[in-house]
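Structure data follow from target-v1.csv (CSV, C-alpha atoms and all ligand atoms):
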chain,number,residue,atom,x,y,z
L,43,MET,CA,-55.1,-22.1,-0.2
L,44,SER,CA,-54.5,-18.5,-1.1
L,45,PHE,CA,-51.3,-16.7,-0.1
L,46,GLU,CA,-48.5,-14.5,-1.3
L,47,THR,CA,-45.0,-13.8,0.0
L,48,ILE,CA,-42.9,-10.7,0.1
L,49,ASP,CA,-39.3,-10.3,1.4
L,50,THR,CA,-38.7,-8.2,4.4
L,51,SER,CA,-35.7,-7.6,6.6
L,52,VAL,CA,-35.6,-5.9,9.9
L,53,GLN,CA,-32.8,-5.2,12.3
L,54,ALA,CA,-33.7,-6.8,15.6
L,55,LEU,CA,-32.5,-4.7,18.5
L,56,TRP,CA,-31.7,-6.3,21.9
L,57,ARG,CA,-32.2,-4.0,24.9
L,58,PHE,CA,-30.3,-5.0,28.0
L,59,ASP,CA,-31.5,-2.4,30.5
L,60,TYR,CA,-35.0,-3.2,31.5
L,61,ASP,CA,-36.1,-0.1,33.5
L,62,SER,CA,-38.8,2.1,32.0
L,63,ASN,CA,-37.5,5.1,30.2
L,64,ILE,CA,-40.7,6.4,28.5
L,65,LYS,CA,-43.2,6.5,31.3
L,66,GLN,CA,-46.2,7.3,29.1
L,67,LEU,CA,-45.6,4.1,27.1
L,68,ARG,CA,-45.2,2.0,30.2
L,69,ASP,CA,-48.6,3.5,31.4
L,70,LEU,CA,-50.2,2.6,28.1
L,71,TYR,CA,-48.8,-1.0,28.4
L,72,GLU,CA,-50.6,-1.2,31.8
L,73,VAL,CA,-53.8,0.0,30.3
L,74,ALA,CA,-53.4,-2.5,27.4
L,75,LYS,CA,-53.1,-5.4,29.8
L,76,LYS,CA,-56.2,-4.4,31.7
L,77,GLU,CA,-58.4,-3.8,28.6
L,78,GLN,CA,-57.9,-7.3,27.0
L,79,TRP,CA,-61.1,-8.9,25.7
L,80,ASN,CA,-62.0,-12.2,24.2
L,81,ALA,CA,-63.3,-12.2,20.7
L,82,ALA,CA,-65.0,-15.5,21.1
L,83,LEU,CA,-66.8,-14.6,24.4
L,84,ASP,CA,-67.3,-10.8,24.5
L,85,VAL,CA,-69.2,-10.4,21.2
L,86,PRO,CA,-72.9,-11.5,21.3
L,87,TRP,CA,-72.5,-14.0,18.5
L,88,ASP,CA,-75.7,-15.7,19.4
L,89,ILE,CA,-77.7,-12.7,18.2
L,90,PRO,CA,-78.5,-13.3,14.5
L,91,THR,CA,-77.7,-10.5,12.0
L,92,ASP,CA,-80.7,-9.0,10.2
L,93,ALA,CA,-79.3,-8.0,6.8
L,94,ALA,CA,-81.9,-5.2,6.5
L,95,VAL,CA,-80.2,-3.3,9.4
L,96,VAL,CA,-76.5,-3.8,8.6
L,97,GLY,CA,-76.3,-0.7,6.4
L,98,ASP,CA,-74.0,0.2,3.5
L,99,MET,CA,-70.6,0.9,5.1
L,100,SER,CA,-69.3,2.3,1.8
L,101,ALA,CA,-71.8,5.1,1.6
L,102,PRO,CA,-71.9,7.3,4.7
L,103,ASN,CA,-74.2,10.4,4.6
L,104,VAL,CA,-75.1,9.7,1.0
L,105,GLU,CA,-78.5,10.1,-0.5
L,106,PRO,CA,-78.9,6.8,-2.3
L,107,TYR,CA,-77.8,6.8,-5.9
L,108,ASP,CA,-80.5,6.4,-8.7
L,109,PHE,CA,-78.9,3.1,-9.8
L,110,VAL,CA,-79.5,1.8,-6.2
L,111,LYS,CA,-83.0,3.3,-5.9
L,112,ALA,CA,-83.9,1.5,-9.2
L,113,LEU,CA,-83.3,-1.9,-7.5
L,114,THR,CA,-85.9,-3.9,-5.6
L,115,LYS,CA,-85.9,-3.5,-1.8
L,116,ASP,CA,-84.3,-7.0,-1.4
L,117,LYS,CA,-81.6,-6.2,-4.0
L,118,GLN,CA,-80.8,-2.9,-2.2
L,119,ILE,CA,-80.2,-4.8,1.0
L,120,GLU,CA,-78.1,-7.3,-0.8
L,121,PHE,CA,-76.1,-4.5,-2.5
L,122,ALA,CA,-75.5,-2.8,0.9
L,123,LYS,CA,-74.4,-6.2,2.4
L,124,ARG,CA,-72.0,-7.0,-0.3
L,125,ARG,CA,-70.4,-3.5,-0.4
L,126,SER,CA,-70.0,-3.7,3.3
L,127,ALA,CA,-68.4,-7.1,3.1
L,128,HIS,CA,-66.0,-5.6,0.5
L,129,LEU,CA,-65.0,-2.8,2.8
L,130,LEU,CA,-64.7,-5.0,5.8
L,131,SER,CA,-62.6,-7.5,3.9
L,132,ASN,CA,-60.1,-4.7,3.5
L,133,PHE,CA,-60.2,-4.0,7.2
L,134,LEU,CA,-59.7,-7.7,7.8
L,135,HIS,CA,-56.6,-7.8,5.5
L,136,GLY,CA,-55.4,-4.6,7.2
L,137,GLU,CA,-55.8,-6.2,10.6
L,138,GLN,CA,-53.5,-9.1,9.4
L,139,GLY,CA,-51.0,-6.5,8.1
L,140,ALA,CA,-51.2,-4.7,11.5
L,141,MET,CA,-50.5,-8.0,13.3
L,142,MET,CA,-47.4,-8.7,11.2
L,143,ILE,CA,-46.1,-5.1,11.4
L,144,CYS,CA,-46.5,-5.1,15.2
L,145,GLY,CA,-44.6,-8.3,15.3
L,146,GLN,CA,-41.8,-6.4,13.6
L,147,LEU,CA,-42.1,-3.4,16.0
L,148,VAL,CA,-41.4,-5.8,18.9
L,149,GLU,CA,-38.1,-6.5,17.2
L,150,VAL,CA,-37.0,-3.2,15.9
L,151,VAL,CA,-38.1,-0.5,18.3
L,152,PRO,CA,-35.2,0.6,20.5
L,153,ASP,CA,-36.9,1.0,23.9
L,154,MET,CA,-38.1,-1.7,26.3
L,155,ASP,CA,-41.4,0.2,26.9
L,156,GLY,CA,-41.9,0.3,23.2
L,157,LYS,CA,-41.3,-3.4,22.8
L,158,LEU,CA,-43.6,-4.4,25.7
L,159,TYR,CA,-46.5,-2.3,24.4
L,160,ALA,CA,-46.1,-3.5,20.8
L,161,ALA,CA,-46.3,-7.1,22.1
L,162,THR,CA,-49.8,-6.4,23.5
L,163,GLN,CA,-50.8,-4.9,20.2
L,164,VAL,CA,-49.9,-8.2,18.4
L,165,ILE,CA,-52.7,-10.0,20.3
L,166,ASP,CA,-55.1,-7.0,19.9
L,167,GLU,CA,-54.7,-7.3,16.1
L,168,ALA,CA,-55.1,-11.1,16.3
L,169,ARG,CA,-58.5,-10.5,18.0
L,170,HIS,CA,-59.4,-8.1,15.2
L,171,VAL,CA,-58.6,-10.6,12.5
L,172,GLU,CA,-60.7,-13.1,14.4
L,173,VAL,CA,-63.8,-10.9,14.7
L,174,PHE,CA,-63.8,-9.5,11.2
L,175,ALA,CA,-63.2,-12.8,9.6
L,176,ARG,CA,-66.1,-14.3,11.6
L,177,TYR,CA,-68.5,-11.3,11.0
L,178,ILE,CA,-67.9,-11.1,7.2
L,179,LYS,CA,-69.2,-14.7,6.9
L,180,ARG,CA,-72.6,-13.3,8.0
L,181,LEU,CA,-72.7,-10.9,5.1
L,182,ASP,CA,-71.0,-12.4,2.1
L,183,ARG,CA,-67.5,-13.6,1.3
L,184,VAL,CA,-64.0,-12.2,1.8
L,185,TYR,CA,-63.0,-9.9,-1.1
L,186,PRO,CA,-59.4,-9.4,-2.3
L,187,LEU,CA,-57.0,-6.8,-0.8
L,188,MET,CA,-57.3,-3.5,-2.6
L,189,THR,CA,-54.1,-2.4,-4.4
L,190,GLY,CA,-53.6,0.9,-2.5
L,191,LEU,CA,-53.9,-0.8,1.0
L,192,LYS,CA,-51.6,-3.7,-0.2
L,193,ASN,CA,-49.0,-1.2,-1.4
L,194,LEU,CA,-49.1,0.7,1.9
L,195,LEU,CA,-48.9,-2.5,4.1
L,196,ASN,CA,-46.0,-3.9,2.0
L,197,ALA,CA,-44.2,-0.5,2.1
L,198,VAL,CA,-44.5,-0.5,5.9
L,199,LEU,CA,-43.4,-4.2,6.2
L,200,GLN,CA,-40.4,-3.4,4.0
L,201,ALA,CA,-39.5,0.0,5.4
L,202,ASP,CA,-35.9,0.1,6.7
L,203,MET,CA,-36.5,2.6,9.5
L,204,TRP,CA,-38.5,1.7,12.6
L,205,GLN,CA,-39.9,5.2,12.7
L,206,MET,CA,-41.4,4.6,9.2
L,207,LYS,CA,-43.1,1.5,10.5
L,208,CYS,CA,-44.5,3.4,13.4
L,209,ILE,CA,-45.7,6.3,11.3
L,210,GLY,CA,-47.2,4.1,8.6
L,211,MET,CA,-49.0,1.7,10.9
L,212,GLN,CA,-49.6,3.4,14.2
L,213,VAL,CA,-50.2,7.0,13.1
L,214,ILE,CA,-51.6,6.7,9.5
L,215,ALA,CA,-53.3,3.3,9.2
L,216,GLU,CA,-54.6,3.3,12.8
L,217,SER,CA,-56.0,6.8,12.6
L,218,ILE,CA,-57.8,5.9,9.4
L,219,ALA,CA,-59.2,2.8,11.0
L,220,MET,CA,-60.4,4.8,14.0
L,221,GLY,CA,-62.1,7.4,11.7
L,222,SER,CA,-63.7,4.7,9.6
L,223,PHE,CA,-65.0,2.7,12.6
L,224,LYS,CA,-66.6,5.8,14.0
L,225,THR,CA,-68.4,6.4,10.7
L,226,MET,CA,-69.5,2.7,10.5
L,227,ARG,CA,-70.8,2.8,14.1
L,228,ALA,CA,-73.1,5.7,13.0
L,229,ILE,CA,-74.4,3.7,10.0
L,230,THR,CA,-75.1,0.2,11.3
L,231,HIS,CA,-78.0,-0.9,13.5
L,232,ASP,CA,-76.7,-4.5,13.8
L,233,GLU,CA,-76.1,-5.2,17.5
L,234,VAL,CA,-73.3,-7.7,16.8
L,235,PHE,CA,-71.4,-5.4,14.5
L,236,LYS,CA,-71.9,-2.4,16.8
L,237,LYS,CA,-70.3,-4.4,19.6
L,238,ILE,CA,-67.4,-5.5,17.4
L,239,LEU,CA,-66.8,-1.8,16.4
L,240,GLU,CA,-67.0,-0.7,20.0
L,241,LEU,CA,-64.4,-3.2,21.2
L,242,THR,CA,-62.0,-2.8,18.3
L,243,SER,CA,-62.3,1.1,18.4
L,244,GLN,CA,-61.2,1.0,22.0
L,245,ASP,CA,-58.1,-1.0,21.0
L,246,GLU,CA,-57.4,1.2,17.9
L,247,ALA,CA,-57.5,4.4,20.1
L,248,ARG,CA,-54.7,2.9,22.2
L,249,HIS,CA,-52.8,2.0,19.1
L,250,VAL,CA,-52.9,5.6,17.8
L,251,SER,CA,-51.8,6.8,21.3
L,252,TYR,CA,-48.8,4.6,21.1
L,253,GLY,CA,-47.8,6.1,17.8
L,254,LEU,CA,-48.3,9.6,18.9
L,255,ILE,CA,-46.4,9.2,22.3
L,256,TYR,CA,-43.6,7.3,20.7
L,257,MET,CA,-43.2,9.6,17.6
L,258,LYS,CA,-43.3,12.8,19.7
L,259,ASP,CA,-40.4,11.4,21.7
L,260,ALA,CA,-38.4,10.0,18.7
L,261,ILE,CA,-38.8,12.6,15.9
L,262,PRO,CA,-37.0,15.5,17.6
L,263,LYS,CA,-34.0,13.1,18.2
L,264,MET,CA,-33.7,12.3,14.5
L,265,ASN,CA,-31.0,13.8,12.2
L,266,GLU,CA,-32.3,16.0,9.3
L,267,PRO,CA,-31.8,13.6,6.4
L,268,ASP,CA,-33.6,10.8,8.3
L,269,ARG,CA,-36.4,13.2,9.2
L,270,ASP,CA,-36.8,14.3,5.6
L,271,ARG,CA,-37.0,10.6,4.6
L,272,LEU,CA,-39.7,10.1,7.2
L,273,GLU,CA,-41.7,13.1,6.1
L,274,ASP,CA,-41.5,11.8,2.5
L,275,PHE,CA,-42.5,8.3,3.6
L,276,ALA,CA,-45.6,9.7,5.4
L,277,PHE,CA,-46.7,11.6,2.3
L,278,ALA,CA,-46.1,8.6,0.1
L,279,ALA,CA,-48.1,6.3,2.5
L,280,MET,CA,-51.0,8.7,2.6
L,281,THR,CA,-51.2,9.0,-1.2
L,282,MET,CA,-50.7,5.3,-1.8
L,283,LEU,CA,-53.7,4.5,0.3
L,284,ALA,CA,-55.9,7.4,-0.8
L,285,THR,CA,-55.3,7.6,-4.5
L,286,THR,CA,-54.0,4.3,-5.9
L,287,PRO,CA,-56.4,2.7,-8.5
L,288,GLN,CA,-57.4,-0.9,-8.2
L,289,MET,CA,-55.1,-3.0,-10.4
L,290,GLU,CA,-55.5,-6.7,-11.4
L,291,GLY,CA,-53.1,-8.5,-13.8
L,292,GLY,CA,-51.5,-5.1,-14.7
L,293,LYS,CA,-54.9,-3.6,-15.7
L,294,ARG,CA,-56.9,-0.9,-13.9
L,295,VAL,CA,-60.2,-2.4,-12.7
L,296,ASP,CA,-63.4,-1.3,-10.9
L,297,PRO,CA,-63.3,-2.9,-7.4
L,298,PHE,CA,-67.2,-3.2,-7.4
L,299,GLU,CA,-67.7,-4.5,-10.9
L,300,GLN,CA,-68.3,-8.1,-9.8
L,301,ILE,CA,-70.9,-6.9,-7.3
L,302,TYR,CA,-72.7,-4.8,-9.9
L,303,LEU,CA,-72.8,-7.6,-12.4
L,304,GLU,CA,-74.1,-10.1,-9.9
L,305,LEU,CA,-76.9,-7.8,-8.9
L,306,GLY,CA,-77.8,-6.9,-12.5
L,307,ILE,CA,-76.5,-3.3,-12.2
L,308,ASP,CA,-74.9,-1.7,-15.3
L,309,PRO,CA,-71.3,-0.8,-14.1
L,310,ALA,CA,-71.1,2.0,-16.6
L,311,ARG,CA,-74.3,3.6,-15.3
L,312,ALA,CA,-73.2,3.2,-11.7
L,313,ASN,CA,-69.8,4.7,-12.4
L,314,SER,CA,-71.0,7.7,-14.3
L,315,GLU,CA,-73.4,8.5,-11.4
L,316,ILE,CA,-70.6,8.1,-8.8
L,317,ILE,CA,-68.1,10.1,-10.9
L,318,SER,CA,-70.6,13.0,-11.4
L,319,ARG,CA,-71.2,13.2,-7.6
L,320,MET,CA,-67.5,13.1,-6.9
L,321,ALA,CA,-67.0,16.0,-9.3
L,322,ASP,CA,-69.0,18.3,-7.0
L,323,PRO,CA,-66.5,19.8,-4.5
L,324,GLU,CA,-69.3,20.5,-2.0
L,325,PHE,CA,-70.3,16.8,-2.0
L,326,VAL,CA,-66.7,15.7,-1.5
L,327,LYS,CA,-66.2,18.2,1.4
L,328,ALA,CA,-69.3,16.9,3.2
L,329,GLN,CA,-68.1,13.3,3.0
L,330,PRO,CA,-66.3,11.8,6.0
L,331,ASN,CA,-62.7,11.6,4.9
L,332,PRO,CA,-60.5,9.7,7.5
L,333,PHE,CA,-57.3,10.8,5.7
L,334,ARG,CA,-58.1,14.5,5.9
L,335,ASP,CA,-60.0,14.3,9.2
L,336,TYR,CA,-58.0,11.8,11.3
L,337,ALA,CA,-54.6,10.9,9.8
L,338,TYR,CA,-53.4,14.4,8.6
L,339,PRO,CA,-54.1,16.1,12.0
L,340,GLN,CA,-52.1,13.4,13.7
L,341,LEU,CA,-49.2,13.8,11.3
L,342,GLU,CA,-49.3,17.5,12.2
L,343,ARG,CA,-49.3,16.7,15.9
L,344,VAL,CA,-46.1,14.7,15.6
L,345,GLY,CA,-44.4,17.4,13.5
L,346,LEU,CA,-44.3,15.7,10.2
L,347,ILE,CA,-46.2,18.3,8.2
L,348,THR,CA,-43.6,20.9,7.5
L,349,ASP,CA,-43.0,23.8,5.1
L,350,ARG,CA,-41.4,21.3,2.8
L,351,THR,CA,-44.4,19.0,2.6
L,352,ARG,CA,-47.6,21.0,3.5
L,353,ALA,CA,-48.3,22.1,-0.1
L,354,LYS,CA,-48.0,18.6,-1.4
L,355,TYR,CA,-50.8,17.4,0.9
L,356,ARG,CA,-52.9,20.4,-0.3
L,357,GLU,CA,-52.4,19.6,-3.9
L,358,VAL,CA,-53.8,16.1,-3.6
L,359,GLY,CA,-56.7,17.2,-1.3
L,360,LEU,CA,-55.4,15.4,1.8
L,361,ALA,CA,-54.7,18.5,4.0
L,362,ALA,CA,-57.2,19.2,6.8
R,401,FE,FE,-56.7,-3.5,14.5
R,402,FE,FE,-54.7,-1.5,15.5
Please re-express this file's structure in C-alpha cells.
Ligand SMILES: [Fe+2]
Ligand SMILES: [Fe+2]
Amino acid sequence: MSFETIDTSVQALWRFDYDSNIKQLRDLYEVAKKEQWNAALDVPWDIPTDAAVVGDMSAPNVEPYDFVKALTKDKQIEFAKRRSAHLLSNFLHGEQGAMMICGQLVEVVPDMDGKLYAATQVIDEARHVEVFARYIKRLDRVYPLMTGLKNLLNAVLQADMWQMKCIGMQVIAESIAMGSFKTMRAITHDEVFKKILELTSQDEARHVSYGLIYMKDAIPKMNEPDRDRLEDFAFAAMTMLATTPQMEGGKRVDPFEQIYLELGIDPARANSEIISRMADPEFVKAQPNPFRDYAYPQLERVGLITDRTRAKYREVGLAA
C-alpha cells in the first residue's frame, strides 16, 4: 500500500437559492450530462497494444537522440514504452489530483451552477483515473509523481481562495493536459490509446471551458488585494510545474535515471545530449510547450496577465 496525506481545509458554502444565475455554466452542465461515457465499455480494450506503434510520448517532433539510435530496435521500442509510461503515470496522478480538487470545488464555489457542473467533473476525472491506470499496465509500471506536479496539486488542494483552485486546476492544469493530449494524439498509432485520448480530450476541453467561463465572471468582482494574490498564485503555479527539479529524499535526481540504467544507457551521456539540445533556443522554440502555447493564453483571456506580472512570465520563458 502506498499513500501520503496532506492537511487541507476548505470553507464549504451552502447555497439556498437554486435558480440558475450563470447561464453559460448551466448550459455546460447540460452538455456534461449528455457527454458521459463509460471507461470500461467505450474504449476498445479487446484490441491488443503493439508496443512498436505506441510511440515516445516524451519526445514530440524530435529527431532521435544519438544515445537512442545506438540501441537495438527492440530496446528503442522498450525505451519509448517506458518513457511514455513515465509521462502517463504523471497524468494518472494528475487525474487523481483533479478528482480531489473538483470534489473541493463542489463545496467551495459560491454559485449553484458552479457546484452542479463541478459535480459532473468529479466523475469525469474518476473515468480518467480508470483509463490511464488500466492503459499504463499495457506499457510498463506506474512511476512516482514528479515533484513539480505534486507541489502544484498540493498548492491547489491547500489554497484558501476558491478562485485559486479554479485557476490552478481548471485553467492551468487542464489547459496543459489538453495541449499534451493533442501532442500525444499526433505521436501514437495505438488504436486503444488514440481512443482514450479522444474521449479524455473531449472532457478536458469542457473542463477548461468551465474555468474560463467562471473566472471571466468572478475575477472582475474581486477586490484588488485578492486579485493580486490570485495573479501571484497563477504565476507560482506555472513556474512550479514548469521548472521544479525532481527531488527525492531532499536530493535532486534525474527522473529517467532508473529507465536509463535498466536499458543499459549511460545517464551522463543521455543527459549531456539532452542538455546540449535544450541549449539551442531554436530547438526549444520549435518544441510543443503546453505552458506557453495553452496555459498562458488562457490566463491572458481571463485577465490574469497584467502589467504587474507579464515581465515575470517572459523572464522564465513561459510567455506566449
Ligand atoms: Fe482529467
Ligand atoms: Fe479534467
Tell me, counting only C-alpha atoms, for each residue of region 65-163 of chain L within 9 Å of region 252-269 of chain L, which pair of atoms is nearest and how far apart they are in Å to one decimal, in rows ordered by chain and increasing number, as a tab-separated table.
residue	atom	partner	partner_atom	distance
L:Gln66	CA	L:Ile255	CA	7.1
L:Leu67	CA	L:Tyr252	CA	6.8
L:Leu70	CA	L:Tyr252	CA	7.4
L:Gly156	CA	L:Tyr256	CA	7.6
L:Tyr159	CA	L:Tyr252	CA	8.0
L:Ala160	CA	L:Tyr252	CA	8.5
List all protein, DNA and RNA residues that have at least one atom no more than 10 Å from any atom of ligand FE 402 (chain R), counting only C-alpha atoms and all ligand atoms, and write them as a VMD selection string.
chain L and resid 136 to 141 144 163 to 168 170 211 to 213 215 to 217 219 to 220 242 to 250
What would the list of residues within 8 Å of (-42.6, -5.5, 8.9) (file frame) look like as a list in words, if only C-alpha atoms are what count?
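So the residues meeting the distance criterion are Thr50, Ser51, Val52, Met142, Ile143, Cys144, Gly145, Gln146, Leu147, Asn196, Val198, Leu199, Gln200, Ala201 and Lys207 of chain L.
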Please provide as a list of chain:residue names all residues within 9 Å of Gln53 (chain L), with the sequence filter that same-chain residues fewer than 4 positions apart are discarded (counting all atoms listed in the file).
L:Glu149, L:Val150, L:Asp202, L:Trp204
Using all atoms listed in the file for the distances, tell me which of L:Ile238, L:Met280, L:Ala112, L:Ile119 is nearest to ligand FE 401 (chain R).
L:Ile238
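Of the listed residues L:Ala276, L:Ala312, L:Met203, L:Leu181, the one whose atoms come nearest to Asp92 (chain L) is L:Leu181, with distances taken using all atoms listed in the file.
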Suppose you want the space between CA of Met282 (chain L) and CA of Leu194 (chain L); what is it in Å?
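Pair CA of Met282 (chain L) / CA of Leu194 (chain L) returns 6.1 Å.
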Option closest in space to ligand FE 401 (chain R), from L:Trp56, L:Thr47, L:Val148, L:Leu130 [counting all atoms listed in the file]
L:Leu130
Counting only C-alpha atoms, closest pick from L:Lys117, L:Arg343, L:Lys76, L:Arg124 relative to Phe298 (chain L) is L:Arg124
Which residues are close to Ile307 (chain L), i.e. within 10 Å by only C-alpha atoms, leaving aside same-chain residues fewer than 6 positions away? Reply as a CSV table (one decimal) with C-alpha atoms, keeping the file's coordinate frame.
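Saved file around27.csv follows:
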chain,number,residue,atom,x,y,z
L,109,PHE,CA,-78.9,3.1,-9.8
L,110,VAL,CA,-79.5,1.8,-6.2
L,112,ALA,CA,-83.9,1.5,-9.2
L,113,LEU,CA,-83.3,-1.9,-7.5
L,121,PHE,CA,-76.1,-4.5,-2.5
L,299,GLU,CA,-67.7,-4.5,-10.9
L,300,GLN,CA,-68.3,-8.1,-9.8
L,301,ILE,CA,-70.9,-6.9,-7.3
Have a look at CA of Thr348 (chain L) and CA of Phe275 (chain L) and let me know their distance in Å, one decimal.
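The value is 13.2 Å.
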From CA of Ala101 (chain L) to CA of Asp322 (chain L) the spacing works out at 16.0 Å
Kindly indicate which residue among L:Val95, L:Ile64, L:Ile178, L:Ile48 lies nearest to Lys157 (chain L), using only C-alpha atoms for the distances.
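Ranking L:Val95, L:Ile64, L:Ile178, L:Ile48 by distance to Lys157 (chain L), first place goes to L:Ile64.
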May I ask which of the residues L:Met206, L:Ile218, L:Leu191, L:Ala337 is the closest one to ligand FE 401 (chain R), counting all atoms listed in the file?
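Using all atoms listed in the file, the shortest distance to ligand FE 401 (chain R) belongs to L:Ile218.
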